[in-house]
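Have a look at the structure below, then the notes.
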Amino acid sequence: MIRKSNGFATRTLIALAVAGTFPLHAAMADEAGQAAPAAEQTAPGQLETVIVTAQRRAENIKDVPMSIATLKGEKLDVLTSGAADIRFLAGRSPSVNVESDYGRTFPRFYIRGLGNTDFDLNASQPVGLVMDDIVQENPMLKGFPVFDVDQVEVLRGPQGTLFGRNSPAGVIKFDSARPVFRQEGYVTLGIGNYSAKTAEGMFNIPVSDTVALRFSGTSQHRGNRVHNTNPNPNTGTKDFEGYGDQAFRLQALVQPNKDFSALFNYHERDYHGSATLFRANIIKKGTNDLVDGFDYGSYPTDGQNYQHLQTKGGNIRLKYNAGDITLHSITGYETLDFYSRGDVDGGYGCTLFCGPVIGAQPSGPGVIPFPVETADLLPSHRQFSQELRAESNYKGPLQWIAGLFYFDEHIRIDSIAFDSLTPGNPLSPKYATQTQDAKSWAAFGSLNYTVTDQLKLRGGMRYTSDKKDFTASRIEPPQSSFNQIDNTSHNVSWDLSGTYELDKTTNLFGRVATGYRAPSMQGRLFGLTDKPSFAGAEKALSYEAGIKQDLFNKRARLSASVFQYRVKDKQLTAGSGTVNMNQLVNADKVTGQGMEVDFQANLSDAFSMTLGGSYNDTEIKDKNLFVQYCGNYTNNAASGCSPSNMNPLVPGTSKVDGNPLPRAPKTQLNFTLKYSKEMGDGEFYAYTDWTYRSSYNFFLYEAPEYKAKPLTEGGLRAGYRWNGGKYEVAAFGRNITNKQVLIGAIDFDNLTGMLNEPRTWGATFKVNF
């Protein structure tokens with residue numbers, strides 16, 4: 001980066017529902033929740049009341065003054081068919097995108113366009129991921145498989161008051177199904193194409209009147225589906241894209257009386273398989289089309305490809321009702337071990353810069369300017385967090401929450417390289433290492449006040465202190481370099497919101513909120529003279545207003561919002577031209593504005609639907625910010641990219657002022673439709689789901705080769721349940737139109753791209769007991 005000077009089965013209702021929502025560009029997540037504080041009775045055909053804990057209390061979603069969506073139940077089962085990883089959330093809720101350059105192990109989340117394209121293992125994200133009340137800070141923790149989950153909540157907009165730092169874009173919150181005092185369970189077995197085999201199960205047992213246990217787990221396997229077609233593949237991996245992913249969760253609930261409960265949670269994950277395939281020269285110069293004759297099933301390489309991730313963690317959640325106050329203690333611990341190796345040059349051989357000893361060799365596909373085979377490791381990691389929280393539970397117009405939070409993380413990252421041109425792919429003696437110790441503490445509070453029966457106001461504040469001790473070294477025997485950054489930052493976040501009950505079916509809301517992302521450091525050094533990059537804290541200010549409404553006697557539900565935000569000193573990730581590195585930079589300002597709509601309806605006794613979408617218009621505003629564009633433009637001009645807004649004063653750089661944020665589609669839509677009918681002694685159902693997103697830039701600068709095409713993907717699931725729902729058999733398909741488009745790229749070497757998942761299909765059998 002270079003910076004210059006700074007039954008209701010009427011056709012009428014169906015028509016009204018569809019015609020009334022399509023103009024709003026809507027897209028909805030199926031909304032249902034935990035048991036309501038005061039459960040509302042629903043008549044046949046009415047939608048279930050949705051209960052969320054977005055404000056750290058169980059509340060009706062309609063009463064919470066912010067833009068929220070939920071996913072649970074059957075919709076989760078459908079979207080995760082075929083062992084889909086957490087990226088299934090992309091586009092399934094308005095303004096949400098999820099992608100990865102590492103495959104199943106390193107998801108990157110975006111809300112309202114705000115995210116982080118950084119591929120370094122120390123990357124921070126502006127979207128918080130909270131699993132069972134524990135923040136999952138490192139990206140490697142955020143891809144835990146989704147199984148036996150009660151509900152997913154998507155909280156859009158800054159969540160700096162109640163969820164804390166690194167959530168200026170929002171929070172995605174997963175709540176596992178908890179132990180209950182009855183014996184129950186299920187087993188699901190599945191098969192699919194590419195030799196896929198899946199198994200998932202849960203068993204819940206009450207040990208006594210006061211203790212209940214719940215064990216759940218998943219095992220997901222897929223065979224290789226891509227073959228190495230290198231004419232001389234002796235040193236390279238032969239086949240790719242197979243994996244095995246196992247995870248389990250063991251919970252124990254101790255509830256000796258109505259006032260006290262203790263919930264213990266232990267979980268593990270063990271993943272092994274292929275890293276993402278970086279495919280060299282698959283982009284047609286001057287376009288974002290795949291080259292003629294592209295074959296998904298072949299990948300010529302002379303490198304090794306392997307990935308392994310193991311995570312372990314536990315938490316203890318204590319709750320005590322002490323009269324008018326409820327006390328909470330939430331303790332969490334996570335640790336992980338990660339290794340990922342891949343052939344970054346995306347091909348075999350070498351044409352231009354092959355080293356002083358080894359000359360040019362036959363290469364492919366296309367020109368491979370120089371060999372790059374690397375691995376990143378997280379050999380040391382631990383995370384500890386502790387929250388103490390008190391909340392009022394008495395009757396009255398004033399309610400409050402107050403708490404303290406502590407976070408302690410240690411990580412070490414090693415970046416190593418291999419010599420693909422030497423038999424055996426030996427390890428290079430040159431490598432980079434970085435360590436970081438991060439400590440953070442916060443004090444927070446929130447007030448809710450009922451002004452009248454119609455008007456309710458909320459406000460909160462959080463003080464956060466962050467300290468990071470960071471070192472980065474480059475070792476090139478017999479020499480080495482050492483760099484250190486110690487940083488302490490402080491921040492006050494706040495929010496103010498209100499709900500006005502227009503009538504019994506309609507609430508209006510407004511919200512002003514701030515968010516904060518702690519300073520970031522990166523030290524993936526390429527040479528002895530390189531220095532770590534540093535980005536200072538970013539701070540977000542957001543405004544939103546909206547409506548939440550029950551329609552047609554609660555047979556339909558609508559939620560719509562408009563928003564505008566500004567992020568000062570926005571942390572961005574820039575590439576480094578011809579070097580496989582990231583650089584951090586602060587842009588003066590980033591702005592965003594848009595709208596979101598969620599809609600769902602029971603159209604008749606047989607049909608139900610969800611529909612919705614979002615529009616996000618983002619812009620980087622910094623007239624003095626320039627970044628290095630694609631390295632292949634200079635080292636491989638014949639097949640290099642075509643950057644725009646090139647800076648004539650500083651060759652090799654592009655202006656990014658006015659560009660949208662990367663990986664941030666302007667428009668997202670999704671739609672689901674379910675049909676069900678009693679048949680024999682059971683129920684037949686068919687469920688289809690579709691999502692659309694517009695194009696987006698892969699990087700901060702613009703080039704036609706590095707712009708994703710619009711993408712529409714669809715899924716289908718049909719099944720039959722019988723014997724009172726005890727048994728179920730189903731067939732499914734994902735990406736049923738088999739769309740193949742670029743979803744990511746590497747820009748330092750050649751026209752290297754990454755693709756979306758191909759069509760998958762399969763069948764499952766489930767038994768409940």
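We name chains A, B, ... following the order of the structure tokens; residues begin at 1 in each chain, and ligands are numbered from 1 as shown.
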Considering only C-alpha atoms, give me a table of residues in range 522-579 of chain A that are at most 12 Å from range 617-635 of chain A, with the closest atom pair and distance in Å for each, as JSON lines.
```
{"residue": "A:Val562", "atom": "CA", "partner": "A:Asp617", "partner_atom": "CA", "distance": 11.8}
{"residue": "A:Phe563", "atom": "CA", "partner": "A:Asp617", "partner_atom": "CA", "distance": 10.5}
{"residue": "A:Gln564", "atom": "CA", "partner": "A:Asp617", "partner_atom": "CA", "distance": 9.4}
{"residue": "A:Tyr565", "atom": "CA", "partner": "A:Thr618", "partner_atom": "CA", "distance": 9.4}
{"residue": "A:Arg566", "atom": "CA", "partner": "A:Thr618", "partner_atom": "CA", "distance": 9.7}
{"residue": "A:Val567", "atom": "CA", "partner": "A:Ile620", "partner_atom": "CA", "distance": 9.6}
{"residue": "A:Lys568", "atom": "CA", "partner": "A:Lys621", "partner_atom": "CA", "distance": 9.8}
{"residue": "A:Asp569", "atom": "CA", "partner": "A:Asp622", "partner_atom": "CA", "distance": 9.8}
{"residue": "A:Lys570", "atom": "CA", "partner": "A:Ile620", "partner_atom": "CA", "distance": 8.8}
{"residue": "A:Gln571", "atom": "CA", "partner": "A:Ile620", "partner_atom": "CA", "distance": 11.0}
{"residue": "A:Leu572", "atom": "CA", "partner": "A:Ile620", "partner_atom": "CA", "distance": 9.9}
{"residue": "A:Thr573", "atom": "CA", "partner": "A:Val627", "partner_atom": "CA", "distance": 9.6}
{"residue": "A:Ala574", "atom": "CA", "partner": "A:Val627", "partner_atom": "CA", "distance": 6.4}
{"residue": "A:Gly575", "atom": "CA", "partner": "A:Gln628", "partner_atom": "CA", "distance": 6.6}
{"residue": "A:Ser576", "atom": "CA", "partner": "A:Gln628", "partner_atom": "CA", "distance": 6.0}
{"residue": "A:Gly577", "atom": "CA", "partner": "A:Gly631", "partner_atom": "CA", "distance": 4.3}
{"residue": "A:Thr578", "atom": "CA", "partner": "A:Gly631", "partner_atom": "CA", "distance": 4.1}
{"residue": "A:Val579", "atom": "CA", "partner": "A:Gly631", "partner_atom": "CA", "distance": 7.6}
```
Item to check | Residue list (helix (DSSP H, G or I), DSSP) for range 549-683 of chain A, as a PyMOL selection string | outcome: chain A and resi 632-635+637-639
Can you write out the residues you just picked, keeping N, CA and C atoms, as a JSON list (two decimals), in the first residue's frame?
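Result saved to selection10.json:
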```json
[["chain", "number", "residue", "atom", "x", "y", "z"],
["A", 632, "ASN", "N", 0.48, -9.35, -11.19],
["A", 632, "ASN", "CA", 0.64, -9.96, -12.51],
["A", 632, "ASN", "C", 0.60, -8.94, -13.63],
["A", 633, "TYR", "N", 0.15, -7.72, -13.35],
["A", 633, "TYR", "CA", 0.13, -6.67, -14.37],
["A", 633, "TYR", "C", 1.56, -6.34, -14.82],
["A", 634, "THR", "N", 2.51, -6.44, -13.89],
["A", 634, "THR", "CA", 3.90, -6.09, -14.22],
["A", 634, "THR", "C", 4.77, -7.32, -14.48],
["A", 635, "ASN", "N", 4.56, -8.42, -13.73],
["A", 635, "ASN", "CA", 5.47, -9.56, -13.91],
["A", 635, "ASN", "C", 4.94, -10.56, -14.93],
["A", 637, "ALA", "N", 2.61, -9.59, -17.91],
["A", 637, "ALA", "CA", 1.72, -8.65, -18.60],
["A", 637, "ALA", "C", 0.81, -9.34, -19.61],
["A", 638, "ALA", "N", 1.29, -10.39, -20.25],
["A", 638, "ALA", "CA", 0.48, -11.04, -21.29],
["A", 638, "ALA", "C", -0.81, -11.60, -20.73],
["A", 639, "SER", "N", -0.80, -12.02, -19.48],
["A", 639, "SER", "CA", -2.02, -12.57, -18.88],
["A", 639, "SER", "C", -2.30, -11.89, -17.54]]
```
Next on the checklist: Residues within 8 Å of range 85-91 of chain A, please, as number ranges by chain. Count only C-alpha atoms; anything in the same chain fewer than 4 positions from it doesn't count.
Outcome noted: A: 79-80, 95-99, 104, 107, 143-146, 668-670, 691-693
For those residues, write N, CA and C atoms to a file as a short mmCIF file (atom, residue, chain, number, x, y, z; two decimals), in the first residue's frame.
```cif
data_model
loop_
_atom_site.label_atom_id
_atom_site.label_comp_id
_atom_site.auth_asym_id
_atom_site.auth_seq_id
_atom_site.Cartn_x
_atom_site.Cartn_y
_atom_site.Cartn_z
N LEU A 79 -31.18 -25.79 4.72
CA LEU A 79 -30.02 -25.04 4.22
C LEU A 79 -28.70 -25.74 4.50
N THR A 80 -28.68 -26.61 5.51
CA THR A 80 -27.45 -27.34 5.82
C THR A 80 -27.44 -28.73 5.20
N SER A 95 -28.53 -8.55 3.95
CA SER A 95 -27.28 -7.84 4.23
C SER A 95 -26.17 -8.73 4.76
N VAL A 96 -26.31 -10.05 4.70
CA VAL A 96 -25.29 -10.95 5.23
C VAL A 96 -24.57 -11.65 4.07
N ASN A 97 -23.23 -11.62 4.11
CA ASN A 97 -22.42 -12.40 3.18
C ASN A 97 -21.37 -13.16 3.99
N VAL A 98 -21.03 -14.35 3.54
CA VAL A 98 -20.00 -15.17 4.17
C VAL A 98 -19.18 -15.81 3.06
N GLU A 99 -17.86 -15.72 3.15
CA GLU A 99 -16.98 -16.33 2.15
C GLU A 99 -15.69 -16.76 2.82
N ARG A 104 -13.61 -24.58 4.47
CA ARG A 104 -14.51 -24.78 5.61
C ARG A 104 -13.94 -24.28 6.92
N PRO A 107 -14.14 -18.88 7.86
CA PRO A 107 -15.19 -18.06 7.27
C PRO A 107 -14.99 -16.58 7.57
N GLY A 143 -15.93 -21.36 12.30
CA GLY A 143 -16.51 -22.29 11.34
C GLY A 143 -17.02 -23.58 11.95
N PHE A 144 -17.27 -23.59 13.27
CA PHE A 144 -17.75 -24.80 13.93
C PHE A 144 -19.03 -25.29 13.25
N PRO A 145 -19.12 -26.60 12.95
CA PRO A 145 -20.29 -27.10 12.23
C PRO A 145 -21.60 -26.77 12.96
N VAL A 146 -22.64 -26.58 12.17
CA VAL A 146 -23.95 -26.21 12.70
C VAL A 146 -24.79 -27.49 12.83
N GLN A 668 -29.10 -8.17 -2.45
CA GLN A 668 -29.26 -9.58 -2.11
C GLN A 668 -30.75 -9.88 -1.98
N LEU A 669 -31.17 -11.00 -2.53
CA LEU A 669 -32.56 -11.44 -2.44
C LEU A 669 -32.57 -12.91 -2.07
N ASN A 670 -33.59 -13.32 -1.32
CA ASN A 670 -33.80 -14.76 -1.16
C ASN A 670 -35.27 -15.08 -1.02
N THR A 691 -31.42 -17.93 -3.64
CA THR A 691 -30.75 -16.71 -3.20
C THR A 691 -30.06 -16.07 -4.40
N TYR A 692 -30.07 -14.75 -4.40
CA TYR A 692 -29.43 -13.97 -5.47
C TYR A 692 -28.57 -12.90 -4.82
N ARG A 693 -27.40 -12.69 -5.40
CA ARG A 693 -26.59 -11.54 -5.00
C ARG A 693 -26.03 -10.90 -6.26
#
```
Item to check | Polymer residues at most 6 Å from Thr610 in chain A, only C-alpha atoms, same-chain spacing of 2 or more positions, as an MDAnalysis selection string | outcome: chainID A and resid 28 599:600 671:672
Next on the checklist: Please list as a VMD selection string every residue within 9 Å of range 436-440 of chain A, counting only C-alpha atoms and excluding residues in the same chain fewer than 4 positions away.
Outcome noted: chain A and resid 122 405 to 413 464 to 472 521
Keeping only C-alpha atoms, write the selected residues to a file as a PDB file, in the first residue's frame.
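The file below, result.pdb, is the result:
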```
ATOM      1  CA  ASN A 122      -4.451 -13.022  13.079  1.00  0.00           C
ATOM      2  CA  PHE A 405     -16.258  -8.454  30.873  1.00  0.00           C
ATOM      3  CA  TYR A 406     -12.676  -9.764  30.627  1.00  0.00           C
ATOM      4  CA  PHE A 407     -10.921 -11.330  27.633  1.00  0.00           C
ATOM      5  CA  ASP A 408      -7.422 -12.844  27.359  1.00  0.00           C
ATOM      6  CA  GLU A 409      -5.985 -14.355  24.158  1.00  0.00           C
ATOM      7  CA  HIS A 410      -2.583 -15.716  23.163  1.00  0.00           C
ATOM      8  CA  ILE A 411      -1.717 -16.759  19.615  1.00  0.00           C
ATOM      9  CA  ARG A 412       1.372 -17.736  17.656  1.00  0.00           C
ATOM     10  CA  ILE A 413       1.407 -17.953  13.862  1.00  0.00           C
ATOM     11  CA  THR A 464     -13.542  -0.886  26.800  1.00  0.00           C
ATOM     12  CA  SER A 465      -9.799  -1.047  27.359  1.00  0.00           C
ATOM     13  CA  ASP A 466      -7.653  -3.090  24.939  1.00  0.00           C
ATOM     14  CA  LYS A 467      -3.972  -3.980  25.232  1.00  0.00           C
ATOM     15  CA  LYS A 468      -2.006  -5.899  22.599  1.00  0.00           C
ATOM     16  CA  ASP A 469       1.632  -6.995  22.735  1.00  0.00           C
ATOM     17  CA  PHE A 470       2.690  -8.063  19.255  1.00  0.00           C
ATOM     18  CA  THR A 471       5.950  -9.358  17.801  1.00  0.00           C
ATOM     19  CA  ALA A 472       6.866 -10.371  14.261  1.00  0.00           C
ATOM     20  CA  MET A 521      -1.448  -5.903  13.614  1.00  0.00           C
TER      21      MET A 521
END
```
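Using only C-alpha atoms, the nearest neighbour of Gly190 in chain A within the list A:Arg474, A:Arg222, A:Arg663, A:Arg759 is A:Arg222.
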Checklist entry - Expressed in Å to a single decimal, how great is the separation between CA of Leu263 in chain A and CA of Leu189 in chain A? => result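 For CA of Leu263 in chain A relative to CA of Leu189 in chain A, the distance reads 28.8 Å.
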Need the shell around range 538-544 of chain A: protein/DNA/RNA residues with any atom at most 10 Å away, counting only C-alpha atoms. Skip same-chain ones fewer than 4 positions apart. Format as a short mmCIF file (atom, residue, chain, number, x, y, z; two decimals) with C-alpha atoms, in the first residue's frame?
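Contents of the output file result.cif:
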```cif
data_model
loop_
_atom_site.label_atom_id
_atom_site.label_comp_id
_atom_site.auth_asym_id
_atom_site.auth_seq_id
_atom_site.Cartn_x
_atom_site.Cartn_y
_atom_site.Cartn_z
CA PRO A 65 -35.76 -1.84 18.42
CA MET A 66 -33.21 -3.07 15.90
CA SER A 67 -33.03 -4.99 12.64
CA PRO A 126 -16.07 -6.29 12.36
CA ARG A 156 -27.54 -5.99 12.14
CA GLY A 157 -25.78 -2.76 13.01
CA PRO A 158 -23.29 -1.91 15.79
CA GLY A 160 -20.87 -2.24 20.94
CA ASN A 166 -15.13 -6.02 17.18
CA SER A 167 -18.85 -5.88 16.40
CA PRO A 168 -19.36 -2.51 14.61
CA ALA A 169 -21.11 -4.29 11.72
CA ASN A 491 -13.23 3.36 23.75
CA VAL A 492 -16.73 4.32 24.86
CA SER A 493 -19.60 2.84 22.83
CA TRP A 494 -23.24 3.77 23.30
CA ASP A 495 -26.68 3.29 21.81
CA LEU A 496 -30.11 4.91 22.09
CA SER A 497 -33.29 3.36 20.70
CA PHE A 509 -38.58 1.64 15.95
CA GLY A 510 -35.54 3.86 15.69
CA ARG A 511 -31.96 3.34 16.79
CA VAL A 512 -28.68 5.26 16.96
CA ALA A 513 -25.65 3.17 17.89
CA THR A 514 -21.88 3.17 17.86
CA GLY A 515 -19.38 0.35 17.52
CA TYR A 516 -15.65 -0.13 17.90
CA ARG A 517 -13.04 -2.40 16.36
CA ALA A 518 -9.76 -2.70 18.25
CA PRO A 519 -6.42 -1.92 16.54
CA SER A 520 -4.99 -4.71 14.37
CA SER A 561 -35.71 -0.99 8.01
CA VAL A 562 -33.62 1.75 6.44
CA PHE A 563 -30.15 2.60 7.68
CA GLN A 564 -27.15 4.83 7.22
CA TYR A 565 -23.72 4.53 8.80
CA ARG A 566 -20.28 6.08 8.84
CA VAL A 567 -17.06 4.38 9.90
CA LYS A 568 -14.08 6.56 10.74
CA ASP A 569 -10.56 5.19 10.31
CA LYS A 570 -11.97 2.09 8.66
CA GLN A 571 -9.52 -0.83 8.79
CA LEU A 572 -8.94 -2.22 5.31
CA ASN A 586 -6.93 2.96 7.79
CA ALA A 587 -9.18 4.77 5.31
CA ASP A 588 -10.34 8.17 6.49
CA LYS A 589 -13.98 7.20 6.21
CA VAL A 590 -16.38 4.62 4.81
CA THR A 591 -20.10 5.28 4.41
CA GLY A 592 -23.02 2.97 3.81
CA GLN A 593 -26.75 3.24 3.40
CA GLY A 594 -29.55 0.95 2.40
CA MET A 595 -32.60 -1.02 3.37
#
```
Checklist entry - For Arg734 in chain A, which residue out of A:Thr760, A:Asn616, A:Thr499, A:Thr301 is the nearest one, using only C-alpha atoms? => result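 For Arg734 in chain A, the nearest of the given residues is A:Thr760.
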Checklist entry - From the list A:Trp441, A:Gly217, A:Leu551, A:Arg557, which residue is nearest Val50 in chain A when using only C-alpha atoms? => result A:Arg557
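Among the candidates A:Gly293, A:Gly103, A:Pro662, A:Gly762, the residue lying nearest to Phe698 in chain A is A:Pro662 (atoms considered: only C-alpha atoms).
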Item to check | Straight-line distance linking CA of Leu47 in chain A with CA of Phe684 in chain A, stated in Å to one decimal | outcome: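 The value is 20.4 Å.
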Next on the checklist: For Tyr296 in chain A, find every residue with an atom within 9 Å (counting only C-alpha atoms), except residues of its own chain fewer than 6 positions away, and show them as a list in words.
Outcome noted: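 Counting only C-alpha atoms, the residues come to Arg225, Val226, Gln740, Leu755 and Pro758 of chain A.
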Writing out the chosen residues with N, CA and C atoms as a PDB file, in the first residue's frame:
```
ATOM      1  N   ARG A 225     -13.008 -34.893  -5.519  1.00  0.00           N
ATOM      2  CA  ARG A 225     -13.753 -34.693  -6.767  1.00  0.00           C
ATOM      3  C   ARG A 225     -12.930 -33.949  -7.823  1.00  0.00           C
ATOM      4  N   VAL A 226     -11.677 -33.622  -7.510  1.00  0.00           N
ATOM      5  CA  VAL A 226     -10.781 -32.948  -8.450  1.00  0.00           C
ATOM      6  C   VAL A 226      -9.493 -33.750  -8.525  1.00  0.00           C
ATOM      7  N   GLN A 740     -21.379 -22.146 -12.026  1.00  0.00           N
ATOM      8  CA  GLN A 740     -19.962 -22.106 -11.672  1.00  0.00           C
ATOM      9  C   GLN A 740     -19.429 -20.725 -11.998  1.00  0.00           C
ATOM     10  N   LEU A 755     -13.601 -20.872  -7.024  1.00  0.00           N
ATOM     11  CA  LEU A 755     -14.958 -21.107  -7.518  1.00  0.00           C
ATOM     12  C   LEU A 755     -15.916 -21.465  -6.388  1.00  0.00           C
ATOM     13  N   PRO A 758     -19.861 -26.814  -6.567  1.00  0.00           N
ATOM     14  CA  PRO A 758     -20.687 -27.332  -7.665  1.00  0.00           C
ATOM     15  C   PRO A 758     -21.981 -27.944  -7.125  1.00  0.00           C
TER      16      PRO A 758
END
```
Checklist entry - Quick one: of A:Gly45, A:Gly115, A:Pro139, A:Gly82, who's nearest to Phe338 in chain A, counting only C-alpha atoms? => result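 Among A:Gly45, A:Gly115, A:Pro139, A:Gly82, it is A:Pro139 that comes nearest to Phe338 in chain A.
Distance annotation: of A:Gln383, A:Ala442, A:Arg56, A:Phe526, the residue with the minimal separation from Thr326 in chain A is A:Arg56; atom set is only C-alpha atoms.
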Next on the checklist: From a backbone DSSP assignment, name each residue in range 388-558 of chain A labelled strand (DSSP E or B), as a ChimeraX atom specification.
Outcome noted: /A:388-392,398-418,427-450,455-476,479-503,506-517,520-522,533-535,538-551,556-558
